[in-house]
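J.: Mind having a look at this structure? Questions to follow.
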Amino acid sequence: GCGKTTSSKLLLRLENPTGGQIYLEGEDIQTFTGSKFKEYRTQVQAVFQDPWSSLSPRMKVKDIVSEALVVNRDVTQKDAYDRVKEVMEQVGLAPEQSELYPHEFSGGQRQRIAVASALASSPKLIILDEPVSALDVSIQAQVINLLEDLQEKLDLTYIFIAHDLSVVKHISDRIAVMYL
């Protein structure tokens with residue numbers, strides 16, 4: 001490929017660059033350590049292409065969605081689960097569904113869980129790496145409309161990675177094309 005997914009992994013600090021810097025709000029993200037790095041992890045979240053492989057089958061949805069809060073912020077279990085209920089509603093799922101496991105949901109619902117997980121820590125930036133390519137067309141439209149609604153309501157910034165240029169045109173304000 002041309003490096004779209006690699007770029008997203010660099011932004012998420014899942015991989016280290018071999019050169020150059022990545023700045024967020026004027027700060028080089030490679031310099032973040034300790035509490036600054038934990039805060040960065042809550043402010044930059046991701047939604048990946050395949051919700052089946054990105055959601056742990058051994059965890060209940062409430063634990064998946066609250067993970068970024070529990071790991072990176074000092075929150076009580078009750079506060080974390082209250083936030084889970086809130087984001088479940090924001091993505092169009094019933095709060096009581098947070099007691100279920102990922103395999104108990106359809107593909108579109110699993111992608112909504114992935115979006116809820118990304119939203120739980122109130123991020124500034126969400127990296128969406130082919131978030132609808134594994135879904136059928138009608139479900140794609142629902143998820144894209146959800147993403148647009150959330151972006152407007154929550155003042156979110158997205159980096160939306162996709163091959164489908166009609167989807168990119170629909171959701172994007174600015175477009176960059178990576179080729180070869």
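Convention: chains lettered A, B, ... in structure tokens order; per-chain residue numbering from 1; ligands numbered from 1 as shown.
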I need the strand (DSSP E or B) residues of range 10-110 of chain A per DSSP on the backbone, written as a PyMOL selection string.
T.: chain A and resi 23-24+27-28+44-47
J.: Those same residues - N, CA and C atoms - I'd like them written as a PDB file, in the first residue's frame.
T.:
```
ATOM      1  N   TYR A  23       3.107  16.636  14.934  1.00  0.00           N
ATOM      2  CA  TYR A  23       2.694  17.649  15.897  1.00  0.00           C
ATOM      3  C   TYR A  23       1.183  17.639  16.081  1.00  0.00           C
ATOM      4  N   LEU A  24       0.782  17.779  17.324  1.00  0.00           N
ATOM      5  CA  LEU A  24      -0.622  17.977  17.662  1.00  0.00           C
ATOM      6  C   LEU A  24      -0.689  19.223  18.529  1.00  0.00           C
ATOM      7  N   GLU A  27       2.719  20.571  19.538  1.00  0.00           N
ATOM      8  CA  GLU A  27       3.648  19.759  20.331  1.00  0.00           C
ATOM      9  C   GLU A  27       3.990  18.470  19.598  1.00  0.00           C
ATOM     10  N   ASP A  28       5.268  18.107  19.636  1.00  0.00           N
ATOM     11  CA  ASP A  28       5.743  16.868  19.016  1.00  0.00           C
ATOM     12  C   ASP A  28       5.274  15.693  19.867  1.00  0.00           C
ATOM     13  N   VAL A  44      -6.626  11.135  21.547  1.00  0.00           N
ATOM     14  CA  VAL A  44      -6.562  10.624  20.175  1.00  0.00           C
ATOM     15  C   VAL A  44      -6.999   9.160  20.217  1.00  0.00           C
ATOM     16  N   GLN A  45      -8.117   8.878  19.582  1.00  0.00           N
ATOM     17  CA  GLN A  45      -8.687   7.543  19.588  1.00  0.00           C
ATOM     18  C   GLN A  45      -8.828   7.037  18.153  1.00  0.00           C
ATOM     19  N   ALA A  46      -9.163   5.749  18.023  1.00  0.00           N
ATOM     20  CA  ALA A  46      -9.247   5.150  16.692  1.00  0.00           C
ATOM     21  C   ALA A  46     -10.461   4.243  16.564  1.00  0.00           C
ATOM     22  N   VAL A  47     -10.941   4.146  15.329  1.00  0.00           N
ATOM     23  CA  VAL A  47     -11.946   3.165  14.945  1.00  0.00           C
ATOM     24  C   VAL A  47     -11.370   2.457  13.731  1.00  0.00           C
TER      25      VAL A  47
END
```
J.: Name the residues of chain A that fall into helix (DSSP H, G or I) according to DSSP on the backbone, using the chain letters and numbers of this document, as number ranges by chain.
T.: A: 4-11, 29-31, 34-43, 51-54, 61-72, 77-90, 95-99, 102-104, 107-119, 137-154, 165-171
J.: Excluding range 87-98 of chain A and its own-chain neighbours fewer than 3 positions away, which residues fall within 8 Å of it when counting only C-alpha atoms? Please give them as a PyMOL selection string.
T.: chain A and resi 60-62+83-84+101+109+112-113+115-117+119-120+146+150
J.: Go ahead and save the residues from that selection, with C-alpha atoms, as a PDB file, in the first residue's frame.
T.:
```
ATOM      1  CA  LYS A  60     -18.303  -7.343  27.847  1.00  0.00           C
ATOM      2  CA  VAL A  61     -19.071  -4.230  25.842  1.00  0.00           C
ATOM      3  CA  LYS A  62     -19.059  -2.059  28.992  1.00  0.00           C
ATOM      4  CA  ARG A  83     -19.905   7.198  30.719  1.00  0.00           C
ATOM      5  CA  VAL A  84     -20.402   3.895  28.872  1.00  0.00           C
ATOM      6  CA  TYR A 101     -20.428  -9.539  24.377  1.00  0.00           C
ATOM      7  CA  GLN A 109     -23.719  -2.617  15.815  1.00  0.00           C
ATOM      8  CA  ARG A 112     -21.114   1.441  16.709  1.00  0.00           C
ATOM      9  CA  ILE A 113     -19.478  -0.156  19.768  1.00  0.00           C
ATOM     10  CA  VAL A 115     -17.224   4.302  17.858  1.00  0.00           C
ATOM     11  CA  ALA A 116     -18.572   4.365  21.438  1.00  0.00           C
ATOM     12  CA  SER A 117     -15.222   3.099  22.668  1.00  0.00           C
ATOM     13  CA  LEU A 119     -15.864   8.489  22.236  1.00  0.00           C
ATOM     14  CA  ALA A 120     -15.680   7.348  25.867  1.00  0.00           C
ATOM     15  CA  LEU A 146     -23.846   8.731  12.775  1.00  0.00           C
ATOM     16  CA  LEU A 150     -21.369  13.052  16.324  1.00  0.00           C
TER      17      LEU A 150
END
```
J.: Quick one: residues within 8 Å of Ser54 in chain A, only C-alpha atoms counted, chain neighbours fewer than 4 positions away excluded, as a PyMOL selection string?
T.: chain A and resi 48+50+114
J.: Write out, as a short mmCIF file (atom, residue, chain, number, x, y, z; two decimals), in the first residue's frame, the residues just selected, with C-alpha atoms.
T.:
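Contents of the output file part.cif:
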```cif
data_model
loop_
_atom_site.label_atom_id
_atom_site.label_comp_id
_atom_site.auth_asym_id
_atom_site.auth_seq_id
_atom_site.Cartn_x
_atom_site.Cartn_y
_atom_site.Cartn_z
CA PHE A 48 -10.60 0.38 12.76
CA ASP A 50 -13.00 -4.66 11.18
CA ALA A 114 -16.07 0.70 18.33
#
```
J.: Could you list, as a ChimeraX atom specification, every residue within 10 Å of Val167 in chain A, counting only C-alpha atoms and ignoring same-chain residues fewer than 4 positions away?
T.: /A:132-133,140-141,144,160-163,171-172
J.: Just want the 10 Å neighbourhood of Lys124 in chain A, counted on only C-alpha atoms, with same-chain residues fewer than 4 positions away dropped. Output as a PyMOL selection string.
T.: chain A and resi 40+42-45+119+154-158
J.: Which neighbours of Leu10 in chain A fall inside 12 Å, counting only C-alpha atoms, when residues of the same chain fewer than 4 positions from it are skipped, and could you give them as a VMD selection string?
T.: chain A and resid 3 to 6 14 to 23 29 to 30 44 46 127
J.: Nearest to Glu130 in chain A: which of A:Ser8, A:Glu99, A:Ser106, A:Val177 is it, counting only C-alpha atoms?
T.: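 Under the stated criterion, the closest residue is A:Ser8.
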